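Engineer: The following file, work.txt, comprises compact mmCIF, C-alpha atoms and all ligand atoms:
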# COMPACT_ATOMS: atom_id res chain seq x y z
CA MET A 1 -23.76 2.68 54.14
CA LYS A 2 -24.30 -0.58 56.02
CA PHE A 3 -26.70 -1.65 53.30
CA PHE A 4 -24.03 -1.20 50.63
CA ILE A 5 -21.46 -3.18 52.60
CA VAL A 6 -23.93 -6.07 52.93
CA VAL A 7 -24.75 -5.98 49.22
CA LEU A 8 -21.06 -5.86 48.34
CA GLY A 9 -20.36 -8.80 50.72
CA LEU A 10 -23.14 -10.90 49.16
CA PHE A 11 -21.86 -10.06 45.70
CA LEU A 12 -18.32 -11.15 46.56
CA ILE A 13 -19.46 -14.37 48.25
CA SER A 14 -21.71 -15.27 45.33
CA GLY A 15 -18.68 -14.93 43.05
CA LEU A 16 -16.97 -17.75 44.97
CA PHE A 17 -19.73 -20.24 44.23
CA LEU A 18 -20.87 -19.23 40.79
CA ASP A 19 -19.32 -20.57 37.62
CA ILE A 20 -17.73 -17.28 36.56
CA PRO A 21 -18.37 -16.69 32.86
CA SER A 22 -15.02 -14.92 32.35
CA GLN A 23 -13.40 -18.39 32.39
CA GLU A 24 -14.90 -18.87 28.92
CA PRO A 25 -12.71 -17.61 26.06
CA ALA A 26 -13.91 -14.19 24.94
CA ALA A 27 -15.57 -13.94 21.53
CA SER A 28 -12.61 -12.05 20.08
CA GLU A 29 -10.21 -14.78 21.24
CA LYS A 30 -12.39 -17.45 19.64
CA LYS A 31 -12.40 -15.43 16.44
CA ARG A 32 -8.64 -15.08 16.54
CA ALA A 33 -8.15 -18.79 17.10
CA ALA A 34 -10.49 -19.59 14.19
CA SER A 35 -8.62 -17.24 11.87
CA ALA A 36 -5.26 -18.68 13.00
CA ALA A 37 -6.46 -22.11 11.85
CA GLY A 38 -7.22 -20.87 8.32
CA ARG A 39 -4.31 -18.46 8.04
CA TYR A 40 -2.25 -18.54 4.84
CA ARG A 41 1.29 -19.74 5.50
CA GLY A 42 2.60 -19.96 1.95
CA PRO A 43 4.94 -17.66 0.01
CA VAL A 44 4.09 -13.97 -0.30
CA ILE A 45 4.78 -11.35 -2.97
CA ASP A 46 4.88 -7.80 -1.60
CA ALA A 47 3.70 -5.60 -4.49
CA HIS A 48 4.81 -2.18 -3.22
CA ASN A 49 7.93 -1.52 -1.18
CA HIS A 50 10.53 1.24 -0.63
CA PRO A 51 13.63 0.00 1.21
CA LYS A 52 16.48 2.48 1.56
CA ARG A 53 18.92 1.69 -1.19
CA LYS A 54 22.30 1.40 0.55
CA ASP A 55 23.68 -2.13 0.43
CA HIS A 56 23.53 -2.67 4.20
CA HIS A 57 19.83 -1.67 4.19
CA LEU A 58 19.01 -3.94 1.26
CA GLN A 59 20.94 -6.85 2.72
CA ALA A 60 19.21 -6.63 6.11
CA PHE A 61 15.82 -6.06 4.51
CA PHE A 62 15.97 -9.04 2.14
CA GLU A 63 17.19 -11.22 5.01
CA GLN A 64 13.97 -10.36 6.88
CA ALA A 65 11.91 -10.91 3.75
CA ARG A 66 13.36 -14.42 3.45
CA GLU A 67 12.57 -15.14 7.11
CA ALA A 68 8.97 -14.03 6.52
CA ASN A 69 8.69 -16.28 3.42
CA VAL A 70 8.27 -13.27 1.14
CA GLU A 71 9.42 -14.70 -2.17
CA LYS A 72 9.55 -11.45 -4.17
CA VAL A 73 9.38 -7.78 -3.23
CA VAL A 74 8.42 -5.19 -5.83
CA VAL A 75 10.72 -2.25 -5.04
CA MET A 76 10.21 1.25 -6.41
CA THR A 77 11.01 4.90 -5.75
CA THR A 78 8.51 6.98 -3.73
CA PRO A 79 6.78 10.03 -5.27
CA ASN A 80 9.22 12.24 -3.37
CA GLU A 81 12.55 10.60 -4.14
CA PHE A 82 13.17 12.66 -7.27
CA ARG A 83 14.41 15.29 -4.80
CA LYS A 84 17.56 13.37 -3.91
CA HIS A 85 18.16 9.86 -5.12
CA GLY A 86 17.91 9.62 -8.88
CA ASN A 87 17.44 6.00 -9.80
CA ASP A 88 20.03 4.02 -7.88
CA MET A 89 17.19 1.80 -6.57
CA LEU A 90 17.18 -0.03 -9.87
CA ARG A 91 20.96 -0.44 -9.97
CA ASN A 92 21.38 -1.37 -6.30
CA SER A 93 18.55 -3.87 -6.02
CA ARG A 94 19.60 -5.83 -9.08
CA SER A 95 21.90 -8.19 -7.18
CA TYR A 96 19.09 -9.30 -4.85
CA PRO A 97 17.15 -12.26 -6.27
CA GLY A 98 14.14 -11.31 -4.12
CA ALA A 99 13.82 -7.89 -5.77
CA VAL A 100 11.58 -6.99 -8.69
CA ALA A 101 12.44 -3.35 -9.46
CA LEU A 102 10.12 -0.97 -11.25
CA CYS A 103 11.33 1.82 -13.55
CA THR A 104 11.33 5.09 -11.66
CA ALA A 105 8.71 7.76 -12.31
CA ASN A 106 10.99 10.59 -11.14
CA PHE A 107 9.93 12.59 -14.21
CA VAL A 108 6.64 13.33 -12.40
CA GLY A 109 8.46 15.27 -9.68
CA PHE A 110 10.06 17.54 -12.25
CA ILE A 111 6.70 18.20 -13.88
CA HIS A 112 5.57 19.29 -10.41
CA ARG A 113 8.59 21.62 -10.21
CA LYS A 114 7.72 22.97 -13.65
CA ASN A 115 11.12 21.88 -14.94
CA GLU A 116 9.83 20.43 -18.21
CA GLU A 117 13.28 19.93 -19.69
CA ARG A 118 14.49 17.81 -16.80
CA ALA A 119 11.15 15.97 -16.75
CA ARG A 120 11.63 15.01 -20.41
CA ARG A 121 15.19 13.84 -19.73
CA GLU A 122 14.06 11.69 -16.77
CA PHE A 123 11.24 10.36 -18.90
CA GLU A 124 13.66 9.26 -21.64
CA TRP A 125 15.77 7.38 -19.04
CA MET A 126 12.67 5.62 -17.78
CA LYS A 127 11.66 4.78 -21.34
CA ALA A 128 15.11 3.32 -22.11
CA ASP A 129 14.94 1.16 -18.95
CA LEU A 130 11.45 -0.05 -19.77
CA THR A 131 12.34 -0.78 -23.38
CA SER A 132 15.52 -2.67 -22.51
CA GLY A 133 13.55 -4.71 -19.98
CA VAL A 134 15.73 -3.97 -16.91
CA CYS A 135 12.46 -3.07 -15.21
CA GLY A 136 9.06 -4.42 -16.13
CA GLY A 137 6.75 -1.62 -15.04
CA VAL A 138 6.63 1.94 -13.71
CA GLY A 139 6.18 3.15 -10.14
CA GLU A 140 5.41 4.76 -7.89
CA VAL A 141 3.72 7.36 -10.05
CA GLY A 142 2.58 9.96 -7.51
CA LEU A 143 0.31 12.38 -9.32
CA ARG A 144 -1.43 13.66 -6.16
CA HIS A 145 0.53 13.40 -2.92
CA TYR A 146 -0.32 15.69 0.03
CA ASP A 147 1.21 16.20 3.47
CA LYS A 148 -0.68 13.55 5.42
CA THR A 149 1.21 14.23 8.66
CA ALA A 150 -0.68 17.55 8.96
CA LYS A 151 -3.72 15.46 10.00
CA GLU A 152 -1.86 14.53 13.19
CA GLY A 153 -2.44 18.04 14.51
CA GLY A 154 0.58 20.16 13.76
CA SER A 155 3.37 17.66 13.28
CA ASN A 156 6.53 19.40 12.13
CA ARG A 157 7.86 16.41 10.23
CA GLY A 158 5.86 17.19 7.13
CA GLN A 159 5.68 15.29 3.84
CA ASP A 160 6.57 16.92 0.56
CA VAL A 161 3.69 17.61 -1.75
CA VAL A 162 3.58 16.51 -5.40
CA LEU A 163 0.69 17.74 -7.55
CA VAL A 164 0.62 17.41 -11.32
CA ASP A 165 -1.95 17.54 -14.07
CA LEU A 166 -3.33 14.00 -14.45
CA ASN A 167 -3.41 14.56 -18.22
CA HIS A 168 0.10 15.95 -18.60
CA PRO A 169 1.45 14.76 -21.99
CA LEU A 170 4.31 12.81 -20.36
CA VAL A 171 1.90 11.01 -18.03
CA LEU A 172 -0.21 9.95 -21.02
CA GLU A 173 2.89 9.00 -23.02
CA MET A 174 4.05 6.80 -20.13
CA LEU A 175 0.65 5.08 -20.03
CA GLY A 176 0.97 4.58 -23.79
CA LEU A 177 4.33 2.81 -23.30
CA ALA A 178 2.82 0.58 -20.63
CA ASP A 179 -0.14 -0.13 -22.90
CA GLY A 180 2.13 -1.29 -25.72
CA ARG A 181 4.12 -3.60 -23.43
CA GLY A 182 1.31 -4.90 -21.21
CA ALA A 183 3.23 -3.38 -18.29
CA PRO A 184 1.99 -2.55 -14.77
CA VAL A 185 1.93 1.06 -13.54
CA VAL A 186 1.55 1.84 -9.82
CA LEU A 187 -0.46 5.07 -9.42
CA HIS A 188 -0.65 7.09 -6.20
CA ILE A 189 -3.48 9.61 -6.53
CA GLU A 190 -5.02 11.01 -3.34
CA PRO A 191 -8.55 12.00 -4.36
CA VAL A 192 -9.23 14.13 -1.27
CA TYR A 193 -7.28 16.14 1.29
CA SER A 194 -9.55 17.26 4.10
CA PRO A 195 -7.18 19.70 5.93
CA ALA A 196 -7.36 21.97 2.86
CA GLY A 197 -10.96 21.09 1.94
CA ILE A 198 -9.83 19.46 -1.34
CA ASP A 199 -12.18 16.94 -2.93
CA ASN A 200 -11.31 15.68 -6.42
CA LEU A 201 -12.98 12.29 -6.04
CA SER A 202 -15.23 12.45 -9.08
CA LYS A 203 -12.49 13.99 -11.22
CA VAL A 204 -10.07 11.21 -10.23
CA LYS A 205 -12.66 8.48 -10.81
CA ASN A 206 -13.48 9.86 -14.25
CA TRP A 207 -9.78 10.00 -15.09
CA TYR A 208 -9.30 6.31 -14.17
CA LYS A 209 -12.31 5.39 -16.30
CA ARG A 210 -10.97 7.32 -19.28
CA VAL A 211 -7.37 6.08 -19.18
CA CYS A 212 -8.26 2.44 -18.54
CA ARG A 213 -10.21 2.44 -21.82
CA ARG A 214 -7.67 4.46 -23.74
CA PHE A 215 -4.78 2.19 -22.60
CA PRO A 216 -6.40 -1.24 -22.27
CA GLY A 217 -3.08 -3.11 -22.39
CA ALA A 218 -1.63 -1.29 -19.38
CA LYS A 219 -2.20 -2.87 -15.99
CA LEU A 220 -3.20 0.05 -13.79
CA ILE A 221 -2.65 -0.41 -10.07
CA ALA A 222 -4.37 2.11 -7.80
CA ALA A 223 -2.09 2.31 -4.76
CA HIS A 224 -3.54 1.96 -1.26
CA ASN A 225 -6.97 0.81 -2.52
CA GLY A 226 -7.16 3.95 -4.61
CA MET A 227 -7.57 5.79 -1.28
CA MET A 228 -11.30 5.65 -1.90
CA SER A 229 -14.28 3.78 -0.44
CA PRO A 230 -15.18 0.21 -1.49
CA GLY A 231 -18.20 1.58 -3.38
CA ASP A 232 -16.15 4.08 -5.40
CA LEU A 233 -13.46 1.51 -6.12
CA GLU A 234 -16.10 -0.98 -7.20
CA ALA A 235 -17.45 1.55 -9.73
CA LEU A 236 -13.96 1.65 -11.25
CA PHE A 237 -13.51 -2.13 -11.20
CA SER A 238 -16.74 -2.58 -13.10
CA SER A 239 -15.68 -0.07 -15.79
CA CYS A 240 -12.03 -1.16 -15.97
CA GLY A 241 -11.02 -4.79 -16.42
CA ASN A 242 -7.34 -3.71 -16.38
CA LEU A 243 -7.53 -1.95 -13.01
CA PHE A 244 -6.15 -3.45 -9.79
CA ALA A 245 -5.79 -2.09 -6.27
CA ASP A 246 -2.86 -2.61 -3.97
CA PHE A 247 -3.51 -2.36 -0.24
CA LYS A 248 -1.49 -1.92 2.91
CA PHE A 249 -1.85 -2.83 6.55
CA MET A 250 -1.70 0.34 8.69
CA HIS A 251 0.79 -0.63 11.36
CA ASN A 252 0.84 2.40 13.65
CA ARG A 253 -1.24 5.31 14.90
CA GLY A 254 0.49 7.82 12.62
CA SER A 255 -0.36 5.96 9.43
CA ILE A 256 -3.98 5.48 10.52
CA THR A 257 -4.31 9.19 11.31
CA GLY A 258 -2.71 10.17 7.99
CA PHE A 259 -5.18 7.95 6.14
CA GLN A 260 -8.27 8.97 8.14
CA ASP A 261 -9.95 10.46 5.04
CA LEU A 262 -8.43 7.91 2.63
CA HIS A 263 -10.35 4.73 3.55
CA PRO A 264 -7.77 2.51 5.29
CA MET A 265 -8.59 -1.22 5.54
CA ASN A 266 -7.85 -1.57 9.26
CA GLY A 267 -7.96 0.45 12.46
CA LEU A 268 -5.92 0.41 15.65
CA ASP A 269 -7.17 -3.03 16.71
CA SER A 270 -5.61 -4.43 13.49
CA GLY A 271 -8.80 -6.07 12.25
CA LEU A 272 -9.80 -5.90 8.60
CA PHE A 273 -12.89 -3.63 8.35
CA PRO A 274 -16.01 -5.62 7.34
CA GLN A 275 -16.73 -3.50 4.25
CA TRP A 276 -13.24 -4.29 2.92
CA ARG A 277 -13.50 -7.94 3.87
CA LYS A 278 -16.65 -8.10 1.76
CA MET A 279 -15.10 -6.15 -1.12
CA ILE A 280 -11.97 -8.34 -1.31
CA GLY A 281 -14.19 -11.43 -1.20
CA LYS A 282 -16.20 -10.04 -4.12
CA TYR A 283 -13.15 -9.13 -6.27
CA PRO A 284 -10.44 -11.58 -5.13
CA GLY A 285 -8.51 -11.27 -8.42
CA ARG A 286 -8.09 -7.49 -8.20
CA PHE A 287 -6.33 -6.87 -4.88
CA LEU A 288 -2.59 -7.11 -4.25
CA PHE A 289 -0.96 -6.97 -0.84
CA ALA A 290 1.49 -4.06 -0.90
CA SER A 291 3.20 -3.19 2.37
CA ASP A 292 4.49 0.29 1.38
CA TRP A 293 7.26 -0.55 3.91
CA LYS A 294 10.22 1.80 4.12
CA TYR A 295 13.00 -0.26 5.64
CA GLY A 296 15.91 1.82 6.93
CA ARG A 297 13.83 4.92 7.42
CA ARG A 298 13.63 6.30 10.96
CA GLY A 299 10.45 5.45 12.81
CA SER A 300 8.67 2.14 12.91
CA PHE A 301 10.04 0.27 9.91
CA GLU A 302 12.55 -2.12 11.55
CA ASP A 303 10.51 -5.28 11.99
CA TYR A 304 9.36 -6.31 8.51
CA THR A 305 9.13 -9.99 9.52
CA GLY A 306 6.76 -9.07 12.37
CA HIS A 307 4.78 -6.87 10.00
CA ILE A 308 4.21 -9.76 7.58
CA ARG A 309 3.10 -11.93 10.50
CA ALA A 310 0.52 -9.27 11.43
CA VAL A 311 -0.67 -9.04 7.82
CA ARG A 312 -1.16 -12.80 7.60
CA GLU A 313 -3.18 -12.59 10.82
CA MET A 314 -5.34 -9.70 9.60
CA LEU A 315 -6.15 -11.50 6.35
CA GLY A 316 -6.81 -14.79 8.17
CA VAL A 317 -10.53 -13.96 8.24
CA LEU A 318 -10.74 -14.37 4.43
CA PRO A 319 -11.27 -17.76 2.74
CA PRO A 320 -7.90 -19.55 2.25
CA ALA A 321 -8.04 -19.39 -1.58
CA VAL A 322 -8.65 -15.61 -1.40
CA GLN A 323 -5.73 -15.11 0.99
CA ARG A 324 -3.42 -16.93 -1.42
CA LYS A 325 -4.61 -14.76 -4.30
CA VAL A 326 -4.12 -11.39 -2.62
CA LEU A 327 -0.87 -12.34 -0.91
CA TYR A 328 0.72 -14.18 -3.82
CA GLU A 329 -1.02 -15.23 -7.03
CA ASN A 330 -2.39 -11.86 -8.19
CA ALA A 331 0.99 -10.12 -7.92
CA LYS A 332 2.67 -13.01 -9.71
CA ARG A 333 0.31 -12.55 -12.61
CA VAL A 334 0.18 -8.73 -12.71
CA PHE A 335 3.97 -8.30 -12.46
CA SER A 336 4.62 -11.34 -14.74
CA ILE A 337 6.86 -13.01 -12.14
CA ASP A 338 7.84 -16.58 -13.02
ZN ZN A 401 4.58 3.86 -1.74
In structure tokens, write the structure found in this file.
Structural biologist:
Amino acid sequence: MKFFIVVLGLFLISGLFLDIPSQEPAASEKKRAASAAGRYRGPVIDAHNHPKRKDHHLQAFFEQAREANVEKVVVMTTPNEFRKHGNDMLRNSRSYPGAVALCTANFVGFIHRKNEERARREFEWMKADLTSGVCGGVGEVGLRHYDKTAKEGGSNRGQDVVLVDLNHPLVLEMLGLADGRGAPVVLHIEPVYSPAGIDNLSKVKNWYKRVCRRFPGAKLIAAHNGMMSPGDLEALFSSCGNLFADFKFMHNRGSITGFQDLHPMNGLDSGLFPQWRKMIGKYPGRFLFASDWKYGRRGSFEDYTGHIRAVREMLGVLPPAVQRKVLYENAKRVFSID
């Protein structure tokens, strides 16, 4: 016992005279400071967003977007909104100069419900909107959407499931319309769902390869980096010159858990994973920042300005020209924003 007290005493005394290394900035701090220096501060275009559509939500949301120097926000209905909202997103967002609204893909939800007649009617509305030019693309087209909250271990919140045939005639007809107009289409297709042992990865990859060739004029955007690995996405990029990937920053534990089998780009420490850093650096013209933010929804969607700050920080590790592309230039080009 005495021996230990002596050793402890010597250790403490030595600490008084030694130059304690913890005075040096830690490696992670140095890294953060370096990335802060090269961080992109210019205007942003958010390529994928779902604010609630009441005027007070939209007003407050676009106020925050302005504060965060987000010049344009591409707003669209979620794969599940066919259940209640129709298409008032398009009507309501029109008076906001920061909004670029996509035509709704609510017809997909009615295919899922096997209500073909209603699906056709919704499709014709979408077609009329696209043709008249009130919206310049289609989204979010959720062809495979599972309950990701089940991965959190028995959450009772639950997400509604939407599953449709990737080759349903209306889906192909919609891609044909986009092809003819050079329009973007935002596709949400979860290739795997581990809680139910579902793995459609090769089927989904083959589908992308087929439709990108059949509809070369359409700009296909695989939402959330296609929810596949950099290697699988790269295989699609090399077959499809008209394929892009939007990506989001996972801002809380729930979203990271929900995406655990869907290849998120960051973990809880907020850093961009090295394999994605490399991939974005290799294909800087193909990635679009897309928050997938749901302002007005309960939970953690209040601070959009803070979210954009965190995104700029996460991407600060990329070369400045690449940051500008993924945060601004690519979306400007793909969504034909002047
Ligand atoms: Zn979305």
Engineer: Could I get the residues of range 231-313 of chain A with an atom no further than 12 Å from an atom of range 68-92 of chain A, each paired with its nearest atom pair and that distance in Å to one decimal, using all atoms listed in the file, sorted by chain and residue number, as a Markdown table?
Structural biologist:
| residue | atom | partner | partner_atom | distance |
| --- | --- | --- | --- | --- |
| A:Asp246 | CA | A:Val74 | CA | 11.7 |
| A:Leu288 | CA | A:Val74 | CA | 11.3 |
| A:Phe289 | CA | A:Val73 | CA | 10.6 |
| A:Ala290 | CA | A:Val74 | CA | 8.6 |
| A:Ser291 | CA | A:Val73 | CA | 9.5 |
| A:Asp292 | CA | A:Val75 | CA | 9.3 |
| A:Trp293 | CA | A:Val75 | CA | 9.7 |
| A:Lys294 | CA | A:Thr78 | CA | 9.6 |
| A:Tyr295 | CA | A:Val75 | CA | 11.1 |
| A:Asp303 | CA | A:Ala68 | CA | 10.4 |
| A:Tyr304 | CA | A:Ala68 | CA | 8.0 |
| A:Thr305 | CA | A:Ala68 | CA | 5.0 |
| A:Gly306 | CA | A:Ala68 | CA | 8.0 |
| A:His307 | CA | A:Ala68 | CA | 9.0 |
| A:Ile308 | CA | A:Ala68 | CA | 6.5 |
| A:Arg309 | CA | A:Ala68 | CA | 7.4 |
| A:Ala310 | CA | A:Ala68 | CA | 10.9 |
| A:Val311 | CA | A:Ala68 | CA | 10.9 |
| A:Arg312 | CA | A:Ala68 | CA | 10.3 |
Engineer: For Glu234 in chain A, please output as a VMD selection string all residues within 12 Å (counting all atoms listed in the file; exclusion window: fewer than 6 positions along the same chain).
Structural biologist: chain A and resid 205 209 225 to 226 228 240 to 241 243 to 245 275 to 276 278 to 280 282 to 283 286 to 287
Engineer: Do a neighbour search on Ala183 in chain A at 7 Å with all atoms listed in the file, toss out local chain neighbours closer than 2 positions, and write the hits as a list in words.
Structural biologist: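 Close residues of Ala183 in chain A: Gly136, Gly137, Ala178, Asp179, Arg181, Val185, Ala218 and Lys219 of chain A.
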Engineer: With a distance cut-off of 12 Å and only C-alpha atoms, select the neighbouring residues of Asp232 in chain A, excluding the residue or stretch itself and same-chain residues fewer than 3 positions from it, and output the selection as a PyMOL selection string.
Structural biologist: chain A and resi 191+201-202+204-206+208-209+225-229+235-239+262-263+279
Engineer: Give me the residues near Met265 in chain A as a VMD selection string, where near means some atom within 9 Å (using all atoms listed in the file) and where sequence neighbours in that chain fewer than 4 positions away do not count.
Structural biologist: chain A and resid 225 247 to 250 271 to 277
Engineer: Hey, what's within 7 Å of His145 in chain A if we count all atoms listed in the file and toss same-chain stuff fewer than 5 positions away? As a PyMOL selection string, please?
Structural biologist: chain A and resi 161-163+189-190
Engineer: Give me, please, the distance in Å between CA of Gly254 in chain A and CA of Pro51 in chain A, quoted to one decimal.
Structural biologist: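 Value for the CA of Gly254 in chain A-CA of Pro51 in chain A distance: 19.1 Å.
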Engineer: With only C-alpha atoms and all ligand atoms as the basis for distance, which of A:Arg333, A:His50, A:Arg144, A:Arg297 is at the shortest distance from ligand ZN 401 (chain A)?
Structural biologist: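 Among A:Arg333, A:His50, A:Arg144, A:Arg297, it is A:His50 that comes nearest to ligand ZN 401 (chain A).
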Engineer: Please measure the separation of CA of Glu122 in chain A and CA of Arg298 in chain A, giving the value in Å to one decimal.
Structural biologist: 28.3 Å
Engineer: For each of A:Gly38, A:Pro184, A:Pro195, A:Gly231, take the minimum atom-to-atom distance to Phe215 in chain A, counting only C-alpha atoms, then give the residue where this is smallest.
Structural biologist: A:Pro184
Engineer: Given the choices A:His168, A:Arg253, A:Arg66, A:His188, which gets closest to His48 in chain A if the distance is worked out from only C-alpha atoms?
Structural biologist: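 Going through A:His168, A:Arg253, A:Arg66, A:His188 one by one, the smallest distance to His48 in chain A is for A:His188.
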